[in-house]
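*Asks:* Sending over model.cif (mmCIF, C-alpha atoms).
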```cif
data_run
#
loop_
_atom_site.label_atom_id
_atom_site.label_comp_id
_atom_site.auth_asym_id
_atom_site.auth_seq_id
_atom_site.Cartn_x
_atom_site.Cartn_y
_atom_site.Cartn_z
CA MET L 167 11.60 -7.77 -30.27
CA THR L 168 12.21 -11.42 -30.78
CA TYR L 169 13.95 -13.80 -28.47
CA THR L 170 14.79 -17.34 -29.50
CA SER L 171 16.04 -19.97 -27.09
CA TYR L 172 17.67 -23.03 -28.60
CA ALA L 173 17.81 -24.79 -25.22
CA ASP L 174 14.16 -25.72 -24.65
CA LEU L 175 14.52 -29.39 -25.53
CA GLY L 176 11.87 -31.25 -23.50
CA GLY L 177 9.88 -33.65 -25.69
CA ARG L 178 11.69 -32.86 -28.94
CA PRO L 179 12.36 -35.83 -31.23
CA GLY L 180 15.49 -36.81 -33.07
CA TYR L 181 18.36 -36.66 -30.59
CA GLY L 182 19.12 -40.37 -30.46
CA PRO L 183 20.14 -42.54 -27.52
CA VAL L 184 21.62 -41.46 -24.20
CA ARG L 185 25.19 -42.60 -23.62
CA PRO L 186 25.84 -43.46 -19.97
CA GLU L 187 29.23 -42.67 -18.50
CA ASP L 188 31.16 -43.78 -15.44
CA GLU L 189 31.01 -41.45 -12.48
CA THR L 190 34.70 -40.78 -12.08
CA THR L 191 34.96 -38.84 -15.36
CA VAL L 192 34.48 -35.13 -14.65
CA PHE L 193 36.12 -33.53 -17.68
CA HIS L 194 36.93 -34.89 -21.14
CA ALA L 195 39.58 -32.52 -22.49
CA PRO L 196 42.12 -30.21 -20.86
CA TRP L 197 40.29 -27.08 -21.98
CA GLU L 198 37.02 -28.08 -20.29
CA PRO L 199 38.04 -27.50 -16.67
CA ARG L 200 39.60 -24.14 -17.62
CA ALA L 201 36.41 -23.05 -19.45
CA PHE L 202 34.34 -24.21 -16.47
CA ALA L 203 36.50 -22.38 -13.92
CA LEU L 204 36.73 -19.22 -16.04
CA THR L 205 32.95 -19.13 -16.18
CA LEU L 206 32.57 -19.55 -12.43
CA ALA L 207 35.29 -17.06 -11.62
CA MET L 208 33.81 -14.42 -13.94
CA GLY L 209 30.32 -15.15 -12.60
CA ALA L 210 31.65 -14.45 -9.11
CA THR L 211 32.75 -10.95 -10.15
CA GLY L 212 29.13 -9.81 -10.17
CA ALA L 213 29.39 -8.37 -13.71
CA TRP L 214 26.21 -10.35 -14.53
CA ASN L 215 23.90 -12.79 -12.80
CA LEU L 216 23.19 -16.47 -13.43
CA ASP L 217 19.97 -15.80 -15.35
CA MET L 218 21.79 -13.42 -17.68
CA ALA L 219 24.39 -16.16 -18.23
CA ARG L 220 21.66 -18.70 -19.02
CA ALA L 221 20.11 -16.24 -21.46
CA ALA L 222 23.48 -15.69 -23.16
CA ARG L 223 23.92 -19.46 -23.56
CA GLU L 224 20.46 -20.46 -24.72
CA THR L 225 20.34 -17.83 -27.47
CA LEU L 226 23.60 -18.88 -29.15
CA ALA L 227 22.64 -19.69 -32.74
CA ASP L 228 24.99 -22.70 -32.81
CA TYR L 229 23.82 -23.97 -29.40
CA ASP L 230 23.05 -27.48 -30.65
CA ARG L 231 26.35 -27.88 -32.46
CA LEU L 232 28.64 -26.86 -29.60
CA PRO L 233 29.93 -29.15 -26.85
CA TYR L 234 28.52 -28.15 -23.47
CA TYR L 235 31.54 -26.28 -22.17
CA GLY L 236 31.84 -24.77 -25.65
CA ILE L 237 28.43 -23.21 -25.02
CA TRP L 238 29.70 -21.87 -21.71
CA LEU L 239 32.84 -20.48 -23.30
CA ARG L 240 31.04 -18.78 -26.18
CA ALA L 241 28.49 -17.27 -23.79
CA LEU L 242 31.27 -16.08 -21.50
CA GLU L 243 32.97 -14.27 -24.40
CA ARG L 244 29.65 -12.77 -25.36
CA LEU L 245 28.83 -11.55 -21.83
CA LEU L 246 32.27 -9.96 -21.56
CA GLN L 247 32.01 -8.29 -24.97
CA GLU L 248 28.49 -6.99 -24.41
CA ARG L 249 29.73 -5.21 -21.30
CA GLY L 250 32.82 -3.80 -22.98
CA LEU L 251 35.06 -5.88 -20.73
CA LEU L 252 36.73 -7.65 -23.66
CA GLN L 253 37.23 -6.99 -27.37
CA PRO L 254 37.26 -9.78 -29.97
CA GLU L 255 40.73 -8.82 -31.18
CA GLU L 256 42.08 -9.49 -27.70
CA ILE L 257 41.09 -13.17 -27.91
CA ALA L 258 42.67 -13.37 -31.36
CA ALA L 259 45.85 -11.72 -30.08
CA GLY L 260 45.95 -13.79 -26.89
CA ARG L 261 46.78 -10.72 -24.82
CA ALA L 262 45.09 -7.64 -23.40
CA LEU L 263 45.09 -4.73 -25.89
CA HIS L 264 42.76 -2.36 -24.05
CA PRO L 265 42.54 -1.12 -20.48
CA PRO L 266 40.40 -3.25 -18.16
CA GLY L 267 36.83 -2.35 -17.25
CA ALA L 268 35.60 -2.04 -13.69
CA LEU L 269 34.25 -5.11 -11.87
CA PRO L 270 32.36 -5.21 -8.57
CA ARG L 271 34.86 -7.78 -7.21
CA VAL L 272 37.40 -10.43 -8.17
CA LEU L 273 37.39 -14.02 -6.89
CA ALA L 274 40.64 -14.70 -5.02
CA ALA L 275 41.88 -18.26 -4.61
CA GLY L 276 41.59 -17.94 -0.85
CA ASN L 277 37.88 -17.12 -1.12
CA VAL L 278 36.83 -19.95 -3.40
CA ALA L 279 35.71 -22.36 -0.67
CA ALA L 280 33.71 -19.68 1.15
CA VAL L 281 32.06 -18.38 -2.02
CA LEU L 282 31.02 -21.90 -3.08
CA ALA L 283 29.74 -22.75 0.40
CA LYS L 284 27.65 -19.59 0.48
CA GLY L 285 26.20 -20.09 -2.99
CA ALA L 286 23.49 -17.74 -4.18
CA PRO L 287 20.22 -18.56 -2.41
CA THR L 288 17.18 -17.25 -4.28
CA ARG L 289 14.59 -17.44 -1.48
CA ARG L 290 13.07 -14.01 -0.79
CA PRO L 291 10.08 -12.67 1.06
CA VAL L 292 7.07 -11.80 -1.12
CA ALA L 293 4.70 -9.09 0.06
CA SER L 294 1.54 -10.72 -1.28
CA GLU L 295 -0.02 -14.02 -0.21
CA ALA L 296 0.54 -17.05 -2.42
CA ARG L 297 -2.23 -17.11 -5.01
CA PHE L 298 -2.43 -20.91 -5.26
CA VAL L 299 -2.65 -23.72 -2.73
CA VAL L 300 -1.63 -27.36 -2.92
CA GLY L 301 -4.13 -29.43 -4.89
CA GLN L 302 -5.41 -26.59 -7.09
CA GLN L 303 -5.65 -27.06 -10.83
CA VAL L 304 -3.71 -24.52 -12.85
CA ARG L 305 -2.94 -23.93 -16.50
CA ALA L 306 0.54 -22.93 -17.66
CA ARG L 307 0.89 -19.82 -19.77
CA TYR L 308 0.97 -20.43 -23.50
CA GLY L 309 3.07 -18.66 -26.07
CA LYS L 310 6.45 -17.07 -26.60
CA VAL L 311 7.72 -14.20 -24.51
CA PRO L 312 10.37 -11.80 -25.81
CA HIS L 313 12.92 -12.62 -23.08
CA HIS L 314 14.53 -15.42 -21.06
CA THR L 315 11.95 -17.53 -19.25
CA ARG L 316 11.92 -20.84 -17.40
CA LEU L 317 8.60 -22.28 -18.48
CA PRO L 318 9.39 -25.15 -20.87
CA GLY L 319 7.46 -25.30 -24.13
CA TYR L 320 6.16 -28.81 -23.48
CA VAL L 321 4.01 -27.68 -20.51
CA GLN L 322 2.77 -24.44 -22.04
CA GLY L 323 -1.01 -24.33 -22.21
CA LYS L 324 -1.24 -27.58 -20.22
CA GLN L 325 -3.23 -28.20 -17.07
CA GLY L 326 -1.52 -29.45 -13.93
CA THR L 327 -1.83 -29.65 -10.16
CA ILE L 328 -0.10 -27.47 -7.59
CA GLU L 329 1.92 -30.00 -5.63
CA ARG L 330 4.23 -27.90 -3.49
CA VAL L 331 4.50 -24.25 -2.58
CA LEU L 332 8.25 -23.59 -2.65
CA GLY L 333 8.21 -20.07 -1.22
CA GLY L 334 9.18 -16.75 -2.76
CA HIS L 335 12.12 -16.83 -5.18
CA VAL L 336 14.02 -14.36 -7.32
CA PHE L 337 12.13 -14.22 -10.63
CA ALA L 338 14.38 -15.51 -13.41
CA ASP L 339 12.54 -13.58 -16.13
CA THR L 340 13.20 -10.14 -14.67
CA GLN L 341 16.61 -11.02 -13.29
CA ALA L 342 17.76 -12.07 -16.76
CA GLN L 343 16.65 -8.77 -18.25
CA GLY L 344 18.39 -6.63 -15.65
CA LEU L 345 15.03 -5.62 -14.18
CA GLY L 346 15.85 -6.78 -10.68
CA GLU L 347 14.87 -9.71 -8.50
CA GLN L 348 11.10 -9.02 -8.31
CA PRO L 349 10.55 -12.17 -6.18
CA GLN L 350 7.49 -14.28 -6.97
CA TRP L 351 5.89 -17.35 -5.42
CA LEU L 352 7.31 -20.57 -6.86
CA TYR L 353 5.34 -23.81 -7.14
CA THR L 354 5.95 -27.40 -8.12
CA VAL L 355 3.27 -28.14 -10.72
CA ALA L 356 2.71 -31.77 -11.71
CA PHE L 357 1.25 -32.78 -15.08
CA GLU L 358 -0.15 -36.15 -16.10
CA GLY L 359 1.76 -37.76 -18.94
CA VAL L 360 -1.38 -37.97 -21.04
CA GLU L 361 -1.99 -34.21 -20.65
CA LEU L 362 1.49 -33.51 -22.02
CA TRP L 363 1.86 -36.19 -24.67
CA GLY L 364 -1.65 -37.39 -25.47
CA ASP L 365 -1.83 -40.88 -26.91
CA ALA L 366 1.95 -41.15 -26.98
CA ALA L 367 2.09 -41.13 -23.16
CA TYR L 368 2.29 -44.32 -21.21
CA GLY L 369 0.30 -44.84 -18.06
CA GLY L 370 1.63 -43.87 -14.67
CA LEU L 371 3.83 -41.01 -15.90
CA ARG L 372 3.77 -37.65 -14.14
CA VAL L 373 6.14 -34.79 -14.87
CA SER L 374 6.61 -31.68 -12.78
CA VAL L 375 8.20 -28.33 -13.36
CA ASP L 376 8.91 -25.54 -10.89
CA ALA L 377 6.90 -22.54 -12.06
CA TRP L 378 6.75 -18.96 -10.84
CA GLU L 379 3.27 -17.56 -10.17
CA PRO L 380 3.16 -15.30 -13.27
CA TYR L 381 3.45 -18.45 -15.43
CA LEU L 382 0.18 -19.85 -14.05
CA GLU L 383 -3.56 -19.23 -14.21
CA LEU L 384 -6.36 -21.01 -12.35
CA ALA L 385 -7.70 -23.78 -14.59
CA MET I 203 38.37 -44.46 -28.82
CA SER I 204 40.40 -42.66 -31.45
CA LEU I 205 39.56 -39.19 -32.55
CA ASP I 206 39.43 -38.35 -36.20
CA GLU I 207 41.40 -35.49 -37.68
CA HIS I 208 38.47 -33.09 -37.55
CA GLU I 209 37.80 -33.73 -33.87
CA ARG I 210 41.48 -33.38 -33.07
CA SER I 211 41.64 -30.05 -34.77
CA ALA I 212 38.44 -28.84 -33.08
CA LEU I 213 39.89 -29.82 -29.69
CA ALA I 214 43.13 -28.03 -30.43
CA GLN I 215 41.21 -24.90 -31.43
CA MET I 216 39.20 -24.94 -28.21
CA ASP I 217 42.37 -25.40 -26.24
CA VAL I 218 43.99 -22.38 -27.89
CA ARG I 219 40.88 -20.25 -27.47
CA VAL I 220 40.47 -21.02 -23.77
CA ARG I 221 44.15 -20.36 -23.08
CA ALA I 222 43.92 -17.04 -24.93
CA LEU I 223 40.84 -16.01 -22.99
CA GLU I 224 42.37 -16.96 -19.65
CA THR I 225 45.54 -15.01 -20.46
CA VAL I 226 43.61 -11.88 -21.45
CA LEU I 227 41.31 -12.01 -18.42
CA ALA I 228 44.25 -12.52 -16.07
CA GLN I 229 46.17 -9.61 -17.65
CA LYS I 230 43.13 -7.41 -17.17
CA GLY I 231 42.95 -8.43 -13.53
CA TYR I 232 39.48 -9.96 -13.82
CA ILE I 233 40.54 -13.40 -12.65
CA ASP I 234 43.08 -14.93 -10.31
CA PRO I 235 44.46 -18.01 -12.12
CA ALA I 236 45.05 -19.65 -8.73
CA ALA I 237 41.31 -19.35 -8.08
CA LEU I 238 40.70 -21.29 -11.27
CA ASP I 239 43.00 -24.05 -10.06
CA GLU I 240 41.17 -24.10 -6.75
CA LEU I 241 37.75 -24.34 -8.43
CA ILE I 242 38.89 -27.24 -10.61
CA GLU I 243 40.54 -29.04 -7.71
CA THR I 244 37.37 -28.65 -5.65
CA TYR I 245 35.10 -30.28 -8.21
CA GLN I 246 37.61 -32.95 -9.17
CA THR I 247 38.40 -34.10 -5.68
CA ARG I 248 36.13 -32.70 -2.95
CA ILE I 249 32.62 -32.13 -4.30
CA GLY I 250 31.21 -35.17 -6.07
CA PRO I 251 28.70 -38.01 -5.80
CA ARG I 252 30.38 -39.57 -2.77
CA ASN I 253 28.85 -36.66 -0.82
CA GLY I 254 25.36 -37.63 -1.91
CA ALA I 255 26.12 -41.27 -1.17
CA ARG I 256 26.79 -40.31 2.45
CA VAL I 257 23.42 -38.55 2.62
CA VAL I 258 21.61 -41.59 1.22
CA ALA I 259 23.46 -44.01 3.49
CA ARG I 260 22.55 -41.92 6.52
CA ALA I 261 18.91 -41.86 5.45
CA TRP I 262 18.90 -45.65 5.05
CA ALA I 263 20.54 -46.16 8.43
CA ASP I 264 18.65 -43.58 10.46
CA PRO I 265 14.83 -43.28 10.11
CA GLU I 266 14.78 -39.89 11.82
CA TYR I 267 17.37 -38.53 9.42
CA ARG I 268 15.40 -39.95 6.48
CA GLN I 269 12.29 -38.11 7.66
CA TRP I 270 14.27 -34.89 8.10
CA LEU I 271 15.73 -35.29 4.61
CA LEU I 272 12.27 -35.71 3.09
CA ASN I 273 10.85 -32.76 5.07
CA ASP I 274 13.74 -30.31 4.80
CA ALA I 275 16.47 -31.62 2.54
CA THR I 276 18.49 -28.39 2.54
CA ALA I 277 18.98 -28.51 6.33
CA ALA I 278 19.41 -32.28 6.56
CA ILE I 279 22.08 -32.25 3.84
CA ALA I 280 23.81 -29.19 5.33
CA SER I 281 24.08 -31.05 8.64
CA LEU I 282 26.56 -33.38 6.90
CA GLY I 283 28.55 -30.40 5.62
CA PHE I 284 27.20 -30.22 2.06
CA CYS I 285 25.74 -26.89 1.02
CA GLY I 286 26.13 -23.90 -1.24
CA ARG I 287 26.41 -23.33 -4.93
CA GLN I 288 23.76 -25.13 -7.00
CA GLY I 289 22.37 -26.79 -3.88
CA GLU I 290 21.00 -23.75 -2.09
CA HIS I 291 17.46 -25.13 -2.09
CA MET I 292 17.26 -28.93 -1.99
CA VAL I 293 14.36 -31.36 -2.23
CA ALA I 294 14.83 -35.11 -1.74
CA VAL I 295 12.41 -37.50 -3.43
CA GLU I 296 12.16 -41.12 -2.35
CA ASN I 297 11.88 -44.14 -4.63
CA THR I 298 9.44 -46.76 -3.39
CA SER I 299 8.15 -50.08 -4.65
CA THR I 300 5.38 -48.17 -6.47
CA GLN I 301 7.07 -44.93 -7.61
CA HIS I 302 10.37 -44.27 -9.37
CA ASN I 303 11.75 -40.74 -9.54
CA LEU I 304 13.90 -39.31 -12.32
CA VAL I 305 15.54 -35.87 -12.38
CA VAL I 306 16.27 -33.79 -15.47
CA CYS I 307 16.81 -30.18 -16.50
CA THR I 308 15.25 -29.78 -19.94
CA LEU I 309 16.24 -26.10 -20.21
CA CYS I 310 19.94 -26.31 -19.34
CA SER I 311 21.89 -28.47 -16.88
CA CYS I 312 20.63 -27.69 -13.37
CA TYR I 313 22.03 -30.33 -11.03
CA PRO I 314 22.67 -30.57 -7.25
CA TRP I 315 26.40 -29.83 -7.19
CA PRO I 316 27.09 -30.08 -3.42
CA VAL I 317 25.85 -33.68 -3.31
CA LEU I 318 26.58 -34.95 -6.84
CA GLY I 319 29.36 -32.70 -8.16
CA LEU I 320 29.30 -31.58 -11.78
CA PRO I 321 26.80 -33.27 -14.10
CA PRO I 322 27.93 -36.03 -16.46
CA THR I 323 27.93 -35.30 -20.18
CA TRP I 324 24.79 -37.34 -20.80
CA TYR I 325 22.81 -35.32 -18.24
CA LYS I 326 23.58 -32.18 -20.27
CA SER I 327 22.96 -33.86 -23.62
CA ALA I 328 20.05 -33.08 -25.93
CA ALA I 329 19.21 -36.80 -25.98
CA TYR I 330 18.60 -36.99 -22.22
CA ARG I 331 16.98 -33.58 -21.86
CA SER I 332 14.56 -34.13 -24.72
CA ARG I 333 13.52 -37.68 -23.84
CA ALA I 334 13.53 -37.93 -20.04
CA VAL I 335 10.18 -36.12 -19.77
CA LYS I 336 8.46 -38.06 -22.57
CA ASP I 337 10.06 -41.49 -22.75
CA PRO I 338 11.69 -42.14 -19.38
CA ARG I 339 11.39 -45.92 -19.77
CA GLY I 340 13.28 -45.74 -23.04
CA VAL I 341 15.98 -43.62 -21.40
CA LEU I 342 16.21 -45.99 -18.44
CA SER I 343 16.63 -48.98 -20.74
CA GLU I 344 19.75 -47.31 -22.15
CA PHE I 345 21.12 -47.41 -18.60
CA GLY I 346 20.18 -51.09 -18.34
CA VAL I 347 17.33 -50.27 -15.97
CA GLN I 348 13.95 -51.98 -16.34
CA LEU I 349 11.07 -50.96 -14.12
CA ALA I 350 8.04 -53.13 -13.44
CA ALA I 351 5.18 -52.26 -15.81
CA GLN I 352 2.98 -51.02 -12.97
CA THR I 353 5.64 -48.74 -11.42
CA GLN I 354 4.61 -45.09 -11.55
CA ILE I 355 7.28 -42.79 -12.96
CA ARG I 356 7.66 -39.31 -11.65
CA VAL I 357 9.98 -36.94 -13.55
CA TRP I 358 11.24 -33.76 -11.88
CA ASP I 359 12.25 -31.05 -14.36
CA SER I 360 14.50 -28.62 -12.43
CA THR I 361 13.31 -25.41 -14.04
CA ALA I 362 14.01 -23.00 -11.15
CA GLU I 363 16.63 -22.90 -8.38
CA VAL I 364 15.39 -25.94 -6.47
CA ARG I 365 17.64 -28.96 -6.93
CA TYR I 366 16.50 -32.56 -6.60
CA LEU I 367 18.18 -35.60 -5.06
CA VAL I 368 16.66 -39.06 -5.52
CA LEU I 369 16.72 -41.26 -2.44
CA PRO I 370 17.06 -44.71 -4.02
CA GLN I 371 15.58 -47.85 -2.53
CA ARG I 372 17.83 -49.66 -0.10
CA PRO I 373 19.03 -52.82 -1.81
CA ALA I 374 18.27 -56.32 -0.61
CA GLY I 375 20.95 -57.97 1.48
CA SER I 376 22.19 -54.72 3.03
CA ALA I 377 20.56 -55.06 6.46
CA THR I 378 23.77 -55.71 8.39
CA LEU I 379 25.95 -53.08 6.72
CA ASP I 380 27.22 -49.95 8.44
CA GLU I 381 26.91 -46.48 6.92
CA ALA I 382 30.26 -46.54 5.13
CA ALA I 383 29.43 -49.89 3.51
CA LEU I 384 25.98 -48.63 2.59
CA ALA I 385 27.44 -45.50 0.97
CA ALA I 386 29.57 -47.71 -1.28
CA LEU I 387 26.37 -49.15 -2.74
CA VAL I 388 25.03 -45.73 -3.74
CA THR I 389 25.86 -44.82 -7.34
CA ARG I 390 25.61 -41.37 -8.84
CA ASP I 391 23.02 -42.58 -11.31
CA SER I 392 20.86 -43.99 -8.52
CA MET I 393 20.65 -40.46 -7.06
CA ILE I 394 19.50 -39.03 -10.42
CA GLY I 395 17.08 -41.88 -11.01
CA THR I 396 18.83 -43.48 -13.98
CA GLY I 397 20.02 -46.41 -11.89
CA PHE I 398 19.45 -48.48 -8.80
CA ALA I 399 21.70 -48.73 -5.77
CA LEU I 400 24.07 -51.70 -6.04
CA GLU I 401 23.41 -54.91 -4.20
CA PRO I 402 26.17 -55.96 -1.78
CA GLY I 403 28.91 -57.72 -3.71
CA ALA I 404 28.10 -55.98 -7.00
CA HIS I 405 30.33 -53.41 -8.65
CA ALA I 406 29.48 -50.19 -10.41
CA LYS I 407 29.55 -50.45 -14.19
#
```
Let me see the structure of the file written as structure tokens.

*Replies:*
Amino acid sequence: MTYTSYADLGGRPGYGPVRPEDETTVFHAPWEPRAFALTLAMGATGAWNLDMARAARETLADYDRLPYYGIWLRALERLLQERGLLQPEEIAAGRALHPPGALPRVLAAGNVAAVLAKGAPTRRPVASEARFVVGQQVRARYGKVPHHTRLPGYVQGKQGTIERVLGGHVFADTQAQGLGEQPQWLYTVAFEGVELWGDAAYGGLRVSVDAWEPYLELA
Amino acid sequence: MSLDEHERSALAQMDVRVRALETVLAQKGYIDPAALDELIETYQTRIGPRNGARVVARAWADPEYRQWLLNDATAAIASLGFCGRQGEHMVAVENTSTQHNLVVCTLCSCYPWPVLGLPPTWYKSAAYRSRAVKDPRGVLSEFGVQLAAQTQIRVWDSTAEVRYLVLPQRPAGSATLDEAALAALVTRDSMIGTGFALEPGAHAK
């Protein structure tokens, strides 16, 4: 089984300059806020979780050609279709042609503020002790895995330092695959620039990622 | 900026597609269109970077609050009424004269919504996500920001569900200002690390 993410961009060349933007601009076209809100509202139904949504987005073959909310929209259609909640011909027709599927819940306007304020905390108890302590040297797992994961390519195989123990958190890898929360210890691991980029690194650069325990081995 | 014919047509297609999807999902009873309006209204008017600016201003004005923010950002930020979606687990990182912090999400677009609102386009762009971890000085120069050569740069890649807020340095000449005046100096970019707080009398670009 292969799994290809097109979203793992850290350190990749060729994307050109960053274009700053004033802070009052939230959306750029009328369809963007609707695509955004549709995604949140459908996410709130419980038909899938956030890690499944990330997996649906990052594996879109045209990921790097779509505008950001276009990625969200395409992934939303895909999540709905994979679960039999929507058929492609219904989008083309612009109206429902098949009976609805069952959803755990529907987000009502009156509940929006409460649902946003509650969020979806991922802290969980973990039965085992944390394997690593602050200051320890660890090496990040190397190589592809056949599912959604949150260990960026640019730190894979690299040695870093445990800087913070962030507690037990829902494990994105299993959550994305529908295998449950399986909480794992989460750590902030800091890497020296030179470890990541070799001679291309300038002095005084450190980069950290937040990594679940299964991503790490003692160095 | 004028859009060329191709862009216009792409926009029109997206518009049609989103409308179609919303109509179908509403007919199926999966969504309440009024909830969509409420979500949009919330992030256009109530949840945005002015929230984070209040947090920063409080931290500048109140040393005990600053310490609380650095020790337990989730609780300190919640005490001002900002909490929930995409800010469930917060960490605040402080810029000093020797270290500058920069936040990115190389894998998607993770961003502390309760304090900063929705991320700007550049934060989600391939250009920022690819370069922030490797060439932060180059990225900062595109924001007109130059750091001293000896300043250490610390980049935080938000790869899990912890969200990061940069506590920028308090600008010179702000000693006599109250919290509301301080908050007006705090830009969104200064809380991501792609800018500095404004000096009194300056205006955001």

*Asks:* Figure out the distance between CA of Ile249 in chain I and CA of Leu320 in chain I, please, to one decimal in Å.

*Replies:*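 Spanning CA of Leu320 in chain I to CA of Ile249 in chain I is a straight-line distance of 8.2 Å.
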
*Asks:* List the residues selected by the PyMOL selection byres ((chain L and resi 359) around 9) in the file shown, writing them as a PyMOL selection string.

*Replies:* (chain L and resi 357-358+360-364+366-373) or (chain I and resi 335-336)

*Asks:* Would you save the residues from that selection as a short mmCIF file (atom, residue, chain, number, x, y, z; two decimals), in the coordinates of the input, using C-alpha atoms?

*Replies:*
```cif
data_model
loop_
_atom_site.label_atom_id
_atom_site.label_comp_id
_atom_site.auth_asym_id
_atom_site.auth_seq_id
_atom_site.Cartn_x
_atom_site.Cartn_y
_atom_site.Cartn_z
CA PHE L 357 1.25 -32.78 -15.08
CA GLU L 358 -0.15 -36.15 -16.10
CA VAL L 360 -1.38 -37.97 -21.04
CA GLU L 361 -1.99 -34.21 -20.65
CA LEU L 362 1.49 -33.51 -22.02
CA TRP L 363 1.86 -36.19 -24.67
CA GLY L 364 -1.65 -37.39 -25.47
CA ALA L 366 1.95 -41.15 -26.98
CA ALA L 367 2.09 -41.13 -23.16
CA TYR L 368 2.29 -44.32 -21.21
CA GLY L 369 0.30 -44.84 -18.06
CA GLY L 370 1.63 -43.87 -14.67
CA LEU L 371 3.83 -41.01 -15.90
CA ARG L 372 3.77 -37.65 -14.14
CA VAL L 373 6.14 -34.79 -14.87
CA VAL I 335 10.18 -36.12 -19.77
CA LYS I 336 8.46 -38.06 -22.57
#
```

*Asks:* One decimal, in Å: what's the spacing between CA of Ala377 in chain L and CA of Gln302 in chain L?

*Replies:*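 Result for CA of Ala377 in chain L versus CA of Gln302 in chain L: 13.9 Å, one decimal.
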
*Asks:* I want to know what sits within 6 Å of range 220-234 of chain L, based on only C-alpha atoms, with residues of the same chain fewer than 4 positions away left out; could you give that as a list in words?

*Replies:* Thr170, Ser171, Tyr172, Ala173, Ala241 and His314 of chain L

*Asks:* Which residues are near Arg390 in chain I? Cut-off 7 Å, all atoms listed in the file, ignore same chain within fewer than 4 positions. Put them as a count of residues only.

*Replies:* 4

*Asks:* Expressed in Å to a single decimal, how great is the separation between CA of Arg307 in chain L and CA of Glu383 in chain L?

*Replies:* 7.1 Å

*Asks:* Nearest to chain L: which of I:Gln246, I:Thr276, I:Thr378, I:Asn253 is it, counting only C-alpha atoms?

*Replies:*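 Under the stated criterion, the closest residue is I:Gln246.
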
*Asks:* Residues proximal to (1.4, -28.7, -20.9) were defined as those with any atom within 7 Å of that point in the file's coordinates, counting only C-alpha atoms. Which are they, as a list of chain:residue names?

*Replies:*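 Counting only C-alpha atoms, I find these residues within 7 Å of (1.4, -28.7, -20.9): L:Ala306, L:Tyr320, L:Val321, L:Gln322, L:Gly323, L:Lys324, L:Gln325, L:Glu361, L:Leu362.
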
*Asks:* Specify as a PDB file with C-alpha atoms, keeping the file's coordinate frame each residue included when the PyMOL selection byres ((chain L and resi 197-204) around 8) is applied to this file.

*Replies:*
```pdb
ATOM      1  CA  PHE L 193      36.120 -33.530 -17.680  1.00  0.00           C
ATOM      2  CA  HIS L 194      36.930 -34.890 -21.140  1.00  0.00           C
ATOM      3  CA  ALA L 195      39.580 -32.520 -22.490  1.00  0.00           C
ATOM      4  CA  PRO L 196      42.120 -30.210 -20.860  1.00  0.00           C
ATOM      5  CA  THR L 205      32.950 -19.130 -16.180  1.00  0.00           C
ATOM      6  CA  LEU L 206      32.570 -19.550 -12.430  1.00  0.00           C
ATOM      7  CA  ALA L 207      35.290 -17.060 -11.620  1.00  0.00           C
ATOM      8  CA  MET L 208      33.810 -14.420 -13.940  1.00  0.00           C
ATOM      9  CA  TYR L 235      31.540 -26.280 -22.170  1.00  0.00           C
ATOM     10  CA  GLY L 236      31.840 -24.770 -25.650  1.00  0.00           C
ATOM     11  CA  TRP L 238      29.700 -21.870 -21.710  1.00  0.00           C
ATOM     12  CA  LEU L 239      32.840 -20.480 -23.300  1.00  0.00           C
TER      13      LEU L 239
ATOM     14  CA  MET I 216      39.200 -24.940 -28.210  1.00  0.00           C
ATOM     15  CA  ASP I 217      42.370 -25.400 -26.240  1.00  0.00           C
ATOM     16  CA  VAL I 220      40.470 -21.020 -23.770  1.00  0.00           C
ATOM     17  CA  ARG I 221      44.150 -20.360 -23.080  1.00  0.00           C
ATOM     18  CA  GLU I 224      42.370 -16.960 -19.650  1.00  0.00           C
ATOM     19  CA  ILE I 233      40.540 -13.400 -12.650  1.00  0.00           C
ATOM     20  CA  LEU I 238      40.700 -21.290 -11.270  1.00  0.00           C
ATOM     21  CA  ASP I 239      43.000 -24.050 -10.060  1.00  0.00           C
ATOM     22  CA  LEU I 241      37.750 -24.340  -8.430  1.00  0.00           C
ATOM     23  CA  ILE I 242      38.890 -27.240 -10.610  1.00  0.00           C
TER      24      ILE I 242
END
```

*Asks:* Can you pull out the residues contacting range 297-301 of chain I? Cut-off 8 Å, using only C-alpha atoms, and skip same-chain residues under 5 positions away; I want them as a PyMOL selection string.

*Replies:* chain I and resi 352-356+368-371

*Asks:* Using all atoms listed in the file, which protein or nucleic acid residues come within 8 Å of Gly260 in chain L? Drop anything in the same chain fewer than 2 positions from it, and give the result as a PDB file with C-alpha atoms, keeping the file's coordinate frame.

*Replies:*
```
ATOM      1  CA  GLU L 256      42.080  -9.490 -27.700  1.00  0.00           C
ATOM      2  CA  ILE L 257      41.090 -13.170 -27.910  1.00  0.00           C
ATOM      3  CA  ALA L 258      42.670 -13.370 -31.360  1.00  0.00           C
ATOM      4  CA  ALA L 262      45.090  -7.640 -23.400  1.00  0.00           C
TER       5      ALA L 262
ATOM      6  CA  ARG I 221      44.150 -20.360 -23.080  1.00  0.00           C
ATOM      7  CA  ALA I 222      43.920 -17.040 -24.930  1.00  0.00           C
ATOM      8  CA  LEU I 223      40.840 -16.010 -22.990  1.00  0.00           C
ATOM      9  CA  THR I 225      45.540 -15.010 -20.460  1.00  0.00           C
ATOM     10  CA  VAL I 226      43.610 -11.880 -21.450  1.00  0.00           C
TER      11      VAL I 226
END
```

*Asks:* Run the PyMOL selection byres ((chain I and resi 304-314) around 7) mentally over the shown coordinates, then write out the matched residues as a PyMOL selection string, using the chain letters and numbers from the document.

*Replies:* (chain L and resi 173-176+318) or (chain I and resi 288-289+302-303+315-318+321+326+331-332+334+356-361+365-366+394-396)
